[in-house]
Amino acid sequence: MTISSSLMSDDKGFGKAVYIATYGCQMNEYDSELVRSILAQAGYVFVDGANEADIVLLNTCSVRENAHRKVYGHIHEIRHKRQGRPVVIGVLGCMATGLRQELMDDRALALDLVVGPDSYKRLPQILTAIRAGLKPAPTLQGARYPMITTTMEHPGYDVTLSEFETYADVYPTRSAGVNAWVAVMRGCNNFCSFCIVPYTRGRERSRPVENVLDEVKRLADDGFKQVTLLGQNVNSYRHDGKDFAHLLDEISKIKRIARIRFTSPHPKDFPESLIRVLGENPKVCKQVHLPLQAGNDRVLALMNRHYTGAVFMDLVTRIRRACPGIALSTDIIVGFPTETGLEFNDTVRLMQEAAFDSAFIFKYSVRPNTEAERRLKDDVPEKEKTERIVRINKIQTDISLGKNKALIGQIEPVLIESVVLSKGNSVYGRNDANKIVVLPKGNFKPGDMVQARITAATPHQLKGEPLAS
Ligand code: 5AD
Ligand code: SF4
């Protein structure tokens, strides 16, 4: 770690303009909003680009390999563009905890701070220490994931994972809009063998029901029409004996919030209470993201997913029975270590059987320190992974198109989000199932709920005509 010399010698030259770049999942989007709020209270201001900033914070993702490359590239680009003009650069998020040693040791990156997802409240203090020009001590050696607290010798370094931090007392600074993300639980205890998240984000913990309700009420006051509840595994939500289904029902009582979504539940413990709420509560959107990962039972066991293909399909059937027409999406990993071509066919078969509305399909990539990295060889050749991903994407595209075409002629409530950017003569919103619906512009504004007849479909979006009101 280095500290720009100008910051050490001349505190006055160090301004408070911050630029935050966010990578990865919605949880990171939410965390960046938390960071904005924490820093704004400490007098920092925000700018739209790294070039105008005094401090650049990259809120990073570790879930797949290519995320790392992007972040390294971005840091080098910022340094190059600044051409020696001083800037404090920090890495936040999952890379901070997952790659702590590597990041600190990398002299070319020359990072000033490395702060993990449970330490954002300390950012003002950390930045003040950096401003004061404290010189960092040599990097710590040792285990890859030790619990280390910042010391005065390491002013920019805090990757401590907490069992309690939920940021319940921070109201995130969001840009105005229609949808607001709300984290209701953090961390993950599942340890799927391919996944780095339990190591980078620590153990599960939930926010109190009342505290979530307060945030959503405030969001309604601020004009948001939809909330999307976030957690690495939302159906592990538990506080004072109250479960996730209870939380959804309570939130739905807040007037002016029209829609509630959530992501992601784990198929292994999807309770009946949640299926009931999906079927019965009109504000809870008819859409569930249900990560399957693989269709073969041996591979699922190796992944430590705690369900079989048959159990997953039974869940799909029970959800569809309670909630006909519900849209289901999924995540799939192809080329998990030792997955044979025949075993991959089981994934294809299950995809066809489940007929998801959409799917995110990834090639397996080795994540440091995970169970899969320690015990298995990444032995499916890259070419084979590519062939599998191409094949499954094609199949899914056809299923998605079929599902969307079946909606032509139906009347759907569409929550308007924004004017389409390209020509400006249409608007887009989403139906209950979270599908994008493009409508002719009219007089709609973001937040309007419009009844529309679906007139055309592609695999990824719908077109509609508003009904005359
Ligand atoms: N390789 C490929 N995909 C992964 N995911 C998580 N870890 C890995 C990995 N090591 C995918 C899973 C998860 C999604 C968020 O990212 O499908 O559901
Ligand atoms: Fe990762 Fe599995 Fe936890 Fe999801 S449930 S965050 S895939 S360990």
# chains A, B, ... in the order shown; residues from 1 in each chain; ligands from 1
$ residues_near_ligand --ligand "ligand 1" --cutoff "6 Å" --atoms "only C-alpha atoms and all ligand atoms" --output "MDAnalysis selection string"
chainID A and resid 63:64 194:195 291 293 331:333 362:367
$ write_last_selection --atoms "N, CA and C atoms" --output "PDB file, in the first residue's frame"
ATOM      1  N   VAL A  63     -17.341 -13.032  -7.594  1.00  0.00           N
ATOM      2  CA  VAL A  63     -18.083 -14.279  -7.763  1.00  0.00           C
ATOM      3  C   VAL A  63     -17.576 -15.114  -8.937  1.00  0.00           C
ATOM      4  N   ARG A  64     -17.133 -14.408  -9.982  1.00  0.00           N
ATOM      5  CA  ARG A  64     -16.522 -15.146 -11.087  1.00  0.00           C
ATOM      6  C   ARG A  64     -15.214 -14.470 -11.474  1.00  0.00           C
ATOM      7  N   PHE A 194     -18.670 -24.206  -5.031  1.00  0.00           N
ATOM      8  CA  PHE A 194     -18.043 -23.362  -6.061  1.00  0.00           C
ATOM      9  C   PHE A 194     -17.959 -21.895  -5.648  1.00  0.00           C
ATOM     10  N   CYS A 195     -18.581 -21.535  -4.530  1.00  0.00           N
ATOM     11  CA  CYS A 195     -18.918 -20.120  -4.303  1.00  0.00           C
ATOM     12  C   CYS A 195     -18.023 -19.456  -3.261  1.00  0.00           C
ATOM     13  N   PRO A 291     -32.219 -20.430  -8.351  1.00  0.00           N
ATOM     14  CA  PRO A 291     -30.985 -20.940  -8.968  1.00  0.00           C
ATOM     15  C   PRO A 291     -30.888 -22.470  -8.905  1.00  0.00           C
ATOM     16  N   GLN A 293     -28.461 -24.349 -10.825  1.00  0.00           N
ATOM     17  CA  GLN A 293     -27.003 -24.592 -10.937  1.00  0.00           C
ATOM     18  C   GLN A 293     -26.669 -25.804 -11.801  1.00  0.00           C
ATOM     19  N   ASP A 331     -30.161 -19.684 -12.373  1.00  0.00           N
ATOM     20  CA  ASP A 331     -28.721 -19.619 -12.673  1.00  0.00           C
ATOM     21  C   ASP A 331     -28.241 -21.036 -12.938  1.00  0.00           C
ATOM     22  N   ILE A 332     -27.372 -21.168 -13.939  1.00  0.00           N
ATOM     23  CA  ILE A 332     -26.795 -22.483 -14.273  1.00  0.00           C
ATOM     24  C   ILE A 332     -25.280 -22.330 -14.380  1.00  0.00           C
ATOM     25  N   ILE A 333     -24.568 -23.294 -13.850  1.00  0.00           N
ATOM     26  CA  ILE A 333     -23.112 -23.342 -14.053  1.00  0.00           C
ATOM     27  C   ILE A 333     -22.814 -24.542 -14.949  1.00  0.00           C
ATOM     28  N   PHE A 362     -23.483 -19.617 -16.690  1.00  0.00           N
ATOM     29  CA  PHE A 362     -22.072 -19.277 -16.487  1.00  0.00           C
ATOM     30  C   PHE A 362     -21.207 -20.500 -16.703  1.00  0.00           C
ATOM     31  N   LYS A 363     -20.000 -20.240 -17.194  1.00  0.00           N
ATOM     32  CA  LYS A 363     -18.981 -21.305 -17.188  1.00  0.00           C
ATOM     33  C   LYS A 363     -18.392 -21.343 -15.792  1.00  0.00           C
ATOM     34  N   TYR A 364     -18.147 -22.546 -15.291  1.00  0.00           N
ATOM     35  CA  TYR A 364     -17.515 -22.668 -13.976  1.00  0.00           C
ATOM     36  C   TYR A 364     -16.155 -21.973 -13.998  1.00  0.00           C
ATOM     37  N   SER A 365     -15.878 -21.178 -12.979  1.00  0.00           N
ATOM     38  CA  SER A 365     -14.516 -20.654 -12.823  1.00  0.00           C
ATOM     39  C   SER A 365     -14.045 -20.891 -11.387  1.00  0.00           C
ATOM     40  N   VAL A 366     -12.792 -21.277 -11.251  1.00  0.00           N
ATOM     41  CA  VAL A 366     -12.234 -21.631  -9.942  1.00  0.00           C
ATOM     42  C   VAL A 366     -12.164 -20.391  -9.056  1.00  0.00           C
ATOM     43  N   ARG A 367     -12.677 -20.507  -7.834  1.00  0.00           N
ATOM     44  CA  ARG A 367     -12.592 -19.400  -6.871  1.00  0.00           C
ATOM     45  C   ARG A 367     -11.701 -19.823  -5.713  1.00  0.00           C
TER      46      ARG A 367
END
$ closest_atom_pairs --of "chain A" --to "ligand 2" --cutoff "6 Å" --atoms "only C-alpha atoms and all ligand atoms" --output "CSV"
residue,atom,partner,partner_atom_place_in_ligand_line,distance
A:Cys188,CA,ligand 2,3 (Fe),4.7
A:Asn190,CA,ligand 2,8 (S),4.8
A:Phe191,CA,ligand 2,8 (S),4.2
A:Cys192,CA,ligand 2,8 (S),4.2
A:Cys195,CA,ligand 2,1 (Fe),4.5
A:Val197,CA,ligand 2,1 (Fe),5.1
A:Pro198,CA,ligand 2,8 (S),5.7
A:Gln232,CA,ligand 2,6 (S),4.9
A:Asn233,CA,ligand 2,5 (S),5.7
$ select_by_dssp --residues "segment 9-123 of chain A" --states "helix (DSSP H, G or I)" --output "PyMOL selection string"
chain A and resi 9+11-13+26-41+50-52+65-82+94-98+100-105+120-123
$ closest_atom_pairs --of "segment 46-65 of chain A" --to "segment 76-96 of chain A" --cutoff "8 Å" --atoms "only C-alpha atoms" --output "JSON lines"
{"residue": "A:Ala50", "atom": "CA", "partner": "A:Ile78", "partner_atom": "CA", "distance": 6.7}
{"residue": "A:Asn51", "atom": "CA", "partner": "A:Arg82", "partner_atom": "CA", "distance": 6.7}
{"residue": "A:Ala53", "atom": "CA", "partner": "A:Val87", "partner_atom": "CA", "distance": 7.2}
{"residue": "A:Asp54", "atom": "CA", "partner": "A:Val87", "partner_atom": "CA", "distance": 5.1}
{"residue": "A:Ile55", "atom": "CA", "partner": "A:Val88", "partner_atom": "CA", "distance": 4.6}
{"residue": "A:Val56", "atom": "CA", "partner": "A:Ile89", "partner_atom": "CA", "distance": 4.8}
{"residue": "A:Leu57", "atom": "CA", "partner": "A:Gly90", "partner_atom": "CA", "distance": 4.8}
{"residue": "A:Leu58", "atom": "CA", "partner": "A:Val91", "partner_atom": "CA", "distance": 5.0}
{"residue": "A:Asn59", "atom": "CA", "partner": "A:Leu92", "partner_atom": "CA", "distance": 4.5}
{"residue": "A:Thr60", "atom": "CA", "partner": "A:Gly93", "partner_atom": "CA", "distance": 4.9}
{"residue": "A:Cys61", "atom": "CA", "partner": "A:Cys94", "partner_atom": "CA", "distance": 5.1}
{"residue": "A:Ser62", "atom": "CA", "partner": "A:Met95", "partner_atom": "CA", "distance": 5.4}
$ write_last_selection --atoms "N, CA and C atoms" --output "compact mmCIF listing (two decimals), in the first residue's frame"
# COMPACT_ATOMS: atom_id res chain seq x y z
N ALA A 50 -14.13 9.26 -12.50
CA ALA A 50 -12.89 9.11 -11.74
C ALA A 50 -11.96 10.30 -11.96
N ASN A 51 -12.08 10.92 -13.13
CA ASN A 51 -11.16 12.00 -13.46
C ASN A 51 -11.30 13.23 -12.57
N ALA A 53 -12.43 13.11 -9.48
CA ALA A 53 -12.51 12.72 -8.08
C ALA A 53 -11.18 12.87 -7.35
N ASP A 54 -11.27 13.09 -6.02
CA ASP A 54 -10.08 13.02 -5.16
C ASP A 54 -9.92 11.60 -4.63
N ILE A 55 -11.06 10.92 -4.54
CA ILE A 55 -11.06 9.56 -3.99
C ILE A 55 -11.87 8.68 -4.93
N VAL A 56 -11.31 7.59 -5.37
CA VAL A 56 -12.05 6.64 -6.21
C VAL A 56 -12.19 5.34 -5.43
N LEU A 57 -13.45 4.91 -5.27
CA LEU A 57 -13.71 3.66 -4.56
C LEU A 57 -14.32 2.67 -5.53
N LEU A 58 -13.73 1.50 -5.64
CA LEU A 58 -14.27 0.47 -6.53
C LEU A 58 -14.92 -0.59 -5.67
N ASN A 59 -16.23 -0.68 -5.78
CA ASN A 59 -16.97 -1.68 -5.00
C ASN A 59 -17.05 -2.95 -5.83
N THR A 60 -16.27 -3.93 -5.46
CA THR A 60 -15.94 -5.02 -6.37
C THR A 60 -16.68 -6.33 -6.10
N CYS A 61 -16.60 -7.20 -7.10
CA CYS A 61 -17.25 -8.50 -7.06
C CYS A 61 -16.20 -9.58 -7.27
N SER A 62 -16.39 -10.73 -6.63
CA SER A 62 -15.42 -11.83 -6.75
C SER A 62 -16.05 -13.08 -7.29
$ atom_distance --atom1 "atom CA of Val115 of chain A" --atom2 "atom CA of Gly156 of chain A"
7.3 Å
$ residues_around --residues "segment 420-435 of chain A" --least-positions-apart "5" --cutoff "6 Å" --atoms "only C-alpha atoms" --output "mmCIF file with N, CA, C and O atoms, in the first residue's frame"
data_model
loop_
_atom_site.group_PDB
_atom_site.id
_atom_site.type_symbol
_atom_site.label_atom_id
_atom_site.label_comp_id
_atom_site.auth_asym_id
_atom_site.auth_seq_id
_atom_site.Cartn_x
_atom_site.Cartn_y
_atom_site.Cartn_z
ATOM 1 N N CYS A 285 -44.754 -9.881 -6.291
ATOM 2 C CA CYS A 285 -44.787 -10.131 -7.733
ATOM 3 C C CYS A 285 -44.676 -11.608 -8.059
ATOM 4 O O CYS A 285 -44.033 -12.374 -7.344
ATOM 5 N N LYS A 286 -45.311 -11.941 -9.172
ATOM 6 C CA LYS A 286 -45.369 -13.352 -9.587
ATOM 7 C C LYS A 286 -44.110 -13.674 -10.381
ATOM 8 O O LYS A 286 -44.116 -13.891 -11.597
ATOM 9 N N GLN A 287 -43.020 -13.711 -9.667
ATOM 10 C CA GLN A 287 -41.718 -13.926 -10.298
ATOM 11 C C GLN A 287 -40.750 -14.416 -9.235
ATOM 12 O O GLN A 287 -40.681 -13.836 -8.157
ATOM 13 N N ALA A 327 -43.545 -16.377 -13.286
ATOM 14 C CA ALA A 327 -42.328 -16.442 -14.100
ATOM 15 C C ALA A 327 -41.178 -16.942 -13.231
ATOM 16 O O ALA A 327 -40.984 -16.451 -12.120
ATOM 17 N N PRO A 413 -50.479 -5.354 -16.370
ATOM 18 C CA PRO A 413 -50.143 -4.081 -15.730
ATOM 19 C C PRO A 413 -48.643 -3.821 -15.849
ATOM 20 O O PRO A 413 -47.839 -4.687 -15.520
ATOM 21 N N VAL A 414 -48.294 -2.645 -16.360
ATOM 22 C CA VAL A 414 -46.879 -2.310 -16.586
ATOM 23 C C VAL A 414 -46.507 -1.110 -15.717
ATOM 24 O O VAL A 414 -47.161 -0.067 -15.785
ATOM 25 N N LEU A 415 -45.494 -1.264 -14.904
ATOM 26 C CA LEU A 415 -44.995 -0.158 -14.086
ATOM 27 C C LEU A 415 -43.900 0.550 -14.883
ATOM 28 O O LEU A 415 -42.851 -0.034 -15.176
ATOM 29 N N PRO A 440 -45.506 2.724 -26.662
ATOM 30 C CA PRO A 440 -45.359 4.044 -27.278
ATOM 31 C C PRO A 440 -45.388 5.118 -26.184
ATOM 32 O O PRO A 440 -46.078 4.962 -25.175
ATOM 33 N N LYS A 441 -44.696 6.225 -26.417
ATOM 34 C CA LYS A 441 -44.402 7.151 -25.320
ATOM 35 C C LYS A 441 -45.614 7.702 -24.562
ATOM 36 O O LYS A 441 -45.687 7.601 -23.353
#
$ residues_around --residues "Gly309 of chain A" --least-positions-apart "4" --cutoff "7 Å" --atoms "only C-alpha atoms" --output "MDAnalysis selection string"
chainID A and resid 295:297 313
$ write_last_selection --atoms "all heavy atoms" --output "PDB file, in the first residue's frame"
ATOM      1  N   GLY A 295     -28.339 -29.997 -13.255  1.00  0.00           N
ATOM      2  CA  GLY A 295     -29.487 -30.908 -13.237  1.00  0.00           C
ATOM      3  C   GLY A 295     -29.137 -32.321 -12.804  1.00  0.00           C
ATOM      4  O   GLY A 295     -30.024 -33.137 -12.587  1.00  0.00           O
ATOM      5  N   ASN A 296     -27.853 -32.621 -12.684  1.00  0.00           N
ATOM      6  CA  ASN A 296     -27.443 -33.988 -12.336  1.00  0.00           C
ATOM      7  C   ASN A 296     -27.229 -34.131 -10.831  1.00  0.00           C
ATOM      8  O   ASN A 296     -26.574 -33.288 -10.210  1.00  0.00           O
ATOM      9  CB  ASN A 296     -26.146 -34.311 -13.098  1.00  0.00           C
ATOM     10  CG  ASN A 296     -25.632 -35.673 -12.712  1.00  0.00           C
ATOM     11  OD1 ASN A 296     -24.815 -35.813 -11.810  1.00  0.00           O
ATOM     12  ND2 ASN A 296     -26.156 -36.707 -13.369  1.00  0.00           N
ATOM     13  N   ASP A 297     -27.750 -35.218 -10.272  1.00  0.00           N
ATOM     14  CA  ASP A 297     -27.727 -35.360  -8.807  1.00  0.00           C
ATOM     15  C   ASP A 297     -26.310 -35.505  -8.242  1.00  0.00           C
ATOM     16  O   ASP A 297     -26.013 -34.993  -7.169  1.00  0.00           O
ATOM     17  CB  ASP A 297     -28.581 -36.555  -8.374  1.00  0.00           C
ATOM     18  CG  ASP A 297     -30.059 -36.296  -8.620  1.00  0.00           C
ATOM     19  OD1 ASP A 297     -30.402 -35.121  -8.923  1.00  0.00           O
ATOM     20  OD2 ASP A 297     -30.864 -37.240  -8.533  1.00  0.00           O
ATOM     21  N   MET A 313     -37.650 -30.057  -9.087  1.00  0.00           N
ATOM     22  CA  MET A 313     -38.839 -30.051  -9.946  1.00  0.00           C
ATOM     23  C   MET A 313     -40.126 -30.090  -9.135  1.00  0.00           C
ATOM     24  O   MET A 313     -41.132 -29.477  -9.513  1.00  0.00           O
ATOM     25  CB  MET A 313     -38.799 -31.238 -10.926  1.00  0.00           C
ATOM     26  CG  MET A 313     -37.905 -31.024 -12.127  1.00  0.00           C
ATOM     27  SD  MET A 313     -38.107 -29.428 -12.944  1.00  0.00           S
ATOM     28  CE  MET A 313     -39.821 -29.486 -13.392  1.00  0.00           C
TER      29      MET A 313
END
$ residues_around --residues "Ile319 of chain A" --least-positions-apart "2" --cutoff "12 Å" --atoms "only C-alpha atoms" --output "PyMOL selection string"
chain A and resi 267+270-280+286-290+312-317+321-328+354
$ atom_distance --atom1 "atom CA of Val18 of chain A" --atom2 "atom CA of Ala108 of chain A"
21.8 Å
$ atom_distance --atom1 "atom CA of Asp379 of chain A" --atom2 "atom CA of Ile392 of chain A"
19.6 Å
$ closest_residue --among "A:Val216, A:Val437, A:Val334, A:Leu401" --to "Glu382 of chain A" --atoms "only C-alpha atoms"
A:Val334
$ closest_residue --among "A:Lys377, A:His239, A:Arg131, A:Lys121" --to "Lys16 of chain A" --atoms "only C-alpha atoms"
A:Arg131
$ closest_residue --among "A:Thr166, A:Gln410, A:Ser329, A:Thr97" --to "Gln451 of chain A" --atoms "only C-alpha atoms"
A:Gln410
$ closest_atom_pairs --of "segment 18-119 of chain A" --to "segment 174-186 of chain A" --cutoff "7 Å" --atoms "only C-alpha atoms" --output "Markdown table"
| residue | atom | partner | partner_atom | distance |
| --- | --- | --- | --- | --- |
| A:Met27 | CA | A:Ala183 | CA | 7.0 |
| A:Tyr30 | CA | A:Trp181 | CA | 6.1 |
| A:Glu33 | CA | A:Arg174 | CA | 5.8 |
$ write_last_selection --atoms "N, CA, C and O atoms" --output "compact mmCIF listing (two decimals), in the first residue's frame"
# COMPACT_ATOMS: atom_id res chain seq x y z
N MET A 27 -26.68 -6.50 -4.53
CA MET A 27 -26.23 -6.24 -3.16
C MET A 27 -25.11 -5.20 -3.16
O MET A 27 -25.02 -4.35 -2.29
N TYR A 30 -26.59 -1.81 -3.68
CA TYR A 30 -27.14 -1.35 -2.40
C TYR A 30 -26.02 -0.89 -1.48
O TYR A 30 -26.11 0.17 -0.86
N GLU A 33 -24.79 2.45 -2.18
CA GLU A 33 -25.71 3.48 -1.67
C GLU A 33 -25.48 3.70 -0.17
O GLU A 33 -25.57 4.83 0.32
$ select_by_dssp --residues "segment 24-221 of chain A" --states "strand (DSSP E or B)" --output "PyMOL selection string"
chain A and resi 45-46+55-60+88-93+113-115+157-158+179-183+185-186+205-206
$ write_last_selection --atoms "N, CA and C atoms" --output "PDB file, in the first residue's frame"
ATOM      1  N   VAL A  45     -18.493  14.658  -0.950  1.00  0.00           N
ATOM      2  CA  VAL A  45     -19.439  14.914  -2.042  1.00  0.00           C
ATOM      3  C   VAL A  45     -19.141  13.921  -3.169  1.00  0.00           C
ATOM      4  N   PHE A  46     -20.075  13.805  -4.125  1.00  0.00           N
ATOM      5  CA  PHE A  46     -19.923  12.756  -5.127  1.00  0.00           C
ATOM      6  C   PHE A  46     -19.850  13.333  -6.532  1.00  0.00           C
ATOM      7  N   ILE A  55     -11.065  10.918  -4.537  1.00  0.00           N
ATOM      8  CA  ILE A  55     -11.059   9.561  -3.985  1.00  0.00           C
ATOM      9  C   ILE A  55     -11.875   8.679  -4.927  1.00  0.00           C
ATOM     10  N   VAL A  56     -11.305   7.586  -5.368  1.00  0.00           N
ATOM     11  CA  VAL A  56     -12.049   6.641  -6.211  1.00  0.00           C
ATOM     12  C   VAL A  56     -12.192   5.338  -5.435  1.00  0.00           C
ATOM     13  N   LEU A  57     -13.446   4.915  -5.271  1.00  0.00           N
ATOM     14  CA  LEU A  57     -13.707   3.662  -4.558  1.00  0.00           C
ATOM     15  C   LEU A  57     -14.316   2.669  -5.534  1.00  0.00           C
ATOM     16  N   LEU A  58     -13.727   1.498  -5.639  1.00  0.00           N
ATOM     17  CA  LEU A  58     -14.267   0.473  -6.534  1.00  0.00           C
ATOM     18  C   LEU A  58     -14.919  -0.593  -5.669  1.00  0.00           C
ATOM     19  N   ASN A  59     -16.234  -0.682  -5.780  1.00  0.00           N
ATOM     20  CA  ASN A  59     -16.968  -1.676  -4.999  1.00  0.00           C
ATOM     21  C   ASN A  59     -17.053  -2.949  -5.833  1.00  0.00           C
ATOM     22  N   THR A  60     -16.274  -3.933  -5.455  1.00  0.00           N
ATOM     23  CA  THR A  60     -15.939  -5.015  -6.369  1.00  0.00           C
ATOM     24  C   THR A  60     -16.683  -6.326  -6.101  1.00  0.00           C
ATOM     25  N   VAL A  88      -6.726   9.149  -4.316  1.00  0.00           N
ATOM     26  CA  VAL A  88      -6.769   8.017  -3.389  1.00  0.00           C
ATOM     27  C   VAL A  88      -7.611   6.930  -4.054  1.00  0.00           C
ATOM     28  N   ILE A  89      -7.081   5.739  -4.167  1.00  0.00           N
ATOM     29  CA  ILE A  89      -7.863   4.657  -4.773  1.00  0.00           C
ATOM     30  C   ILE A  89      -8.060   3.540  -3.754  1.00  0.00           C
ATOM     31  N   GLY A  90      -9.316   3.111  -3.639  1.00  0.00           N
ATOM     32  CA  GLY A  90      -9.613   2.063  -2.673  1.00  0.00           C
ATOM     33  C   GLY A  90     -10.452   0.965  -3.287  1.00  0.00           C
ATOM     34  N   VAL A  91     -10.259  -0.243  -2.794  1.00  0.00           N
ATOM     35  CA  VAL A  91     -11.081  -1.380  -3.214  1.00  0.00           C
ATOM     36  C   VAL A  91     -12.002  -1.757  -2.061  1.00  0.00           C
ATOM     37  N   LEU A  92     -13.300  -1.778  -2.345  1.00  0.00           N
ATOM     38  CA  LEU A  92     -14.309  -2.212  -1.372  1.00  0.00           C
ATOM     39  C   LEU A  92     -14.902  -3.540  -1.869  1.00  0.00           C
ATOM     40  N   GLY A  93     -15.794  -4.119  -1.069  1.00  0.00           N
ATOM     41  CA  GLY A  93     -16.575  -5.265  -1.540  1.00  0.00           C
ATOM     42  C   GLY A  93     -15.839  -6.583  -1.449  1.00  0.00           C
ATOM     43  N   LEU A 113      -6.530   2.086   0.104  1.00  0.00           N
ATOM     44  CA  LEU A 113      -7.361   1.420   1.104  1.00  0.00           C
ATOM     45  C   LEU A 113      -8.021   0.170   0.530  1.00  0.00           C
ATOM     46  N   VAL A 114      -8.202  -0.788   1.427  1.00  0.00           N
ATOM     47  CA  VAL A 114      -8.845  -2.062   1.100  1.00  0.00           C
ATOM     48  C   VAL A 114      -9.827  -2.328   2.237  1.00  0.00           C
ATOM     49  N   VAL A 115     -11.132  -2.190   1.936  1.00  0.00           N
ATOM     50  CA  VAL A 115     -12.122  -2.224   3.021  1.00  0.00           C
ATOM     51  C   VAL A 115     -13.246  -3.196   2.641  1.00  0.00           C
ATOM     52  N   TYR A 157      -6.746  -0.313   5.874  1.00  0.00           N
ATOM     53  CA  TYR A 157      -6.982  -1.738   5.695  1.00  0.00           C
ATOM     54  C   TYR A 157      -7.949  -2.256   6.747  1.00  0.00           C
ATOM     55  N   ASP A 158      -9.149  -2.642   6.322  1.00  0.00           N
ATOM     56  CA  ASP A 158     -10.080  -3.259   7.268  1.00  0.00           C
ATOM     57  C   ASP A 158     -10.967  -4.250   6.528  1.00  0.00           C
ATOM     58  N   ASN A 179     -37.771   1.710  -8.550  1.00  0.00           N
ATOM     59  CA  ASN A 179     -37.425   0.557  -7.703  1.00  0.00           C
ATOM     60  C   ASN A 179     -36.309   0.929  -6.723  1.00  0.00           C
ATOM     61  N   ALA A 180     -36.446   0.462  -5.480  1.00  0.00           N
ATOM     62  CA  ALA A 180     -35.350   0.606  -4.508  1.00  0.00           C
ATOM     63  C   ALA A 180     -34.936  -0.775  -4.024  1.00  0.00           C
ATOM     64  N   TRP A 181     -33.621  -0.998  -3.923  1.00  0.00           N
ATOM     65  CA  TRP A 181     -33.098  -2.243  -3.358  1.00  0.00           C
ATOM     66  C   TRP A 181     -33.077  -2.107  -1.852  1.00  0.00           C
ATOM     67  N   VAL A 182     -33.444  -3.154  -1.163  1.00  0.00           N
ATOM     68  CA  VAL A 182     -33.391  -3.139   0.308  1.00  0.00           C
ATOM     69  C   VAL A 182     -32.789  -4.467   0.791  1.00  0.00           C
ATOM     70  N   ALA A 183     -31.603  -4.407   1.374  1.00  0.00           N
ATOM     71  CA  ALA A 183     -30.994  -5.642   1.903  1.00  0.00           C
ATOM     72  C   ALA A 183     -31.688  -5.998   3.209  1.00  0.00           C
ATOM     73  N   MET A 185     -31.115  -9.244   4.637  1.00  0.00           N
ATOM     74  CA  MET A 185     -30.143 -10.077   5.358  1.00  0.00           C
ATOM     75  C   MET A 185     -28.818 -10.005   4.594  1.00  0.00           C
ATOM     76  N   ARG A 186     -27.749 -10.302   5.309  1.00  0.00           N
ATOM     77  CA  ARG A 186     -26.429 -10.264   4.679  1.00  0.00           C
ATOM     78  C   ARG A 186     -25.701 -11.564   4.988  1.00  0.00           C
ATOM     79  N   ARG A 205     -26.898 -12.909   8.687  1.00  0.00           N
ATOM     80  CA  ARG A 205     -27.555 -12.137   9.764  1.00  0.00           C
ATOM     81  C   ARG A 205     -28.690 -11.318   9.149  1.00  0.00           C
ATOM     82  N   SER A 206     -29.770 -11.176   9.907  1.00  0.00           N
ATOM     83  CA  SER A 206     -30.970 -10.529   9.374  1.00  0.00           C
ATOM     84  C   SER A 206     -31.250  -9.221  10.101  1.00  0.00           C
TER      85      SER A 206
END
$ closest_residue --among "A:Val35, A:Leu439, A:Leu302, A:Leu219" --to "Ala452 of chain A" --atoms "only C-alpha atoms"
A:Leu439
$ residues_around --residues "Pro124 of chain A" --least-positions-apart "6" --cutoff "8 Å" --atoms "only C-alpha atoms" --output "PyMOL selection string"
chain A and resi 38-39+42
$ decode --residues "segment 381-390 of chain A" --atoms "N, CA and C atoms" --output "short mmCIF file (atom, residue, chain, number, x, y, z; two decimals), in the first residue's frame"
data_model
loop_
_atom_site.label_atom_id
_atom_site.label_comp_id
_atom_site.auth_asym_id
_atom_site.auth_seq_id
_atom_site.Cartn_x
_atom_site.Cartn_y
_atom_site.Cartn_z
N PRO A 381 -12.53 -29.13 -20.18
CA PRO A 381 -11.78 -28.21 -21.04
C PRO A 381 -12.61 -26.98 -21.42
N GLU A 382 -11.92 -25.87 -21.59
CA GLU A 382 -12.57 -24.60 -21.92
C GLU A 382 -13.48 -24.74 -23.16
N LYS A 383 -12.98 -25.48 -24.16
CA LYS A 383 -13.73 -25.66 -25.40
C LYS A 383 -15.06 -26.37 -25.11
N GLU A 384 -15.00 -27.36 -24.22
CA GLU A 384 -16.20 -28.12 -23.85
C GLU A 384 -17.17 -27.21 -23.09
N LYS A 385 -16.63 -26.40 -22.19
CA LYS A 385 -17.50 -25.46 -21.45
C LYS A 385 -18.20 -24.52 -22.44
N THR A 386 -17.43 -24.05 -23.44
CA THR A 386 -18.03 -23.14 -24.43
C THR A 386 -19.15 -23.84 -25.18
N GLU A 387 -18.88 -25.09 -25.60
CA GLU A 387 -19.91 -25.82 -26.35
C GLU A 387 -21.18 -26.00 -25.51
N ARG A 388 -20.97 -26.30 -24.23
CA ARG A 388 -22.14 -26.52 -23.36
C ARG A 388 -22.93 -25.22 -23.17
N ILE A 389 -22.20 -24.12 -22.99
CA ILE A 389 -22.91 -22.85 -22.74
C ILE A 389 -23.67 -22.41 -23.99
N VAL A 390 -23.05 -22.63 -25.15
CA VAL A 390 -23.71 -22.24 -26.41
C VAL A 390 -24.98 -23.07 -26.58
#
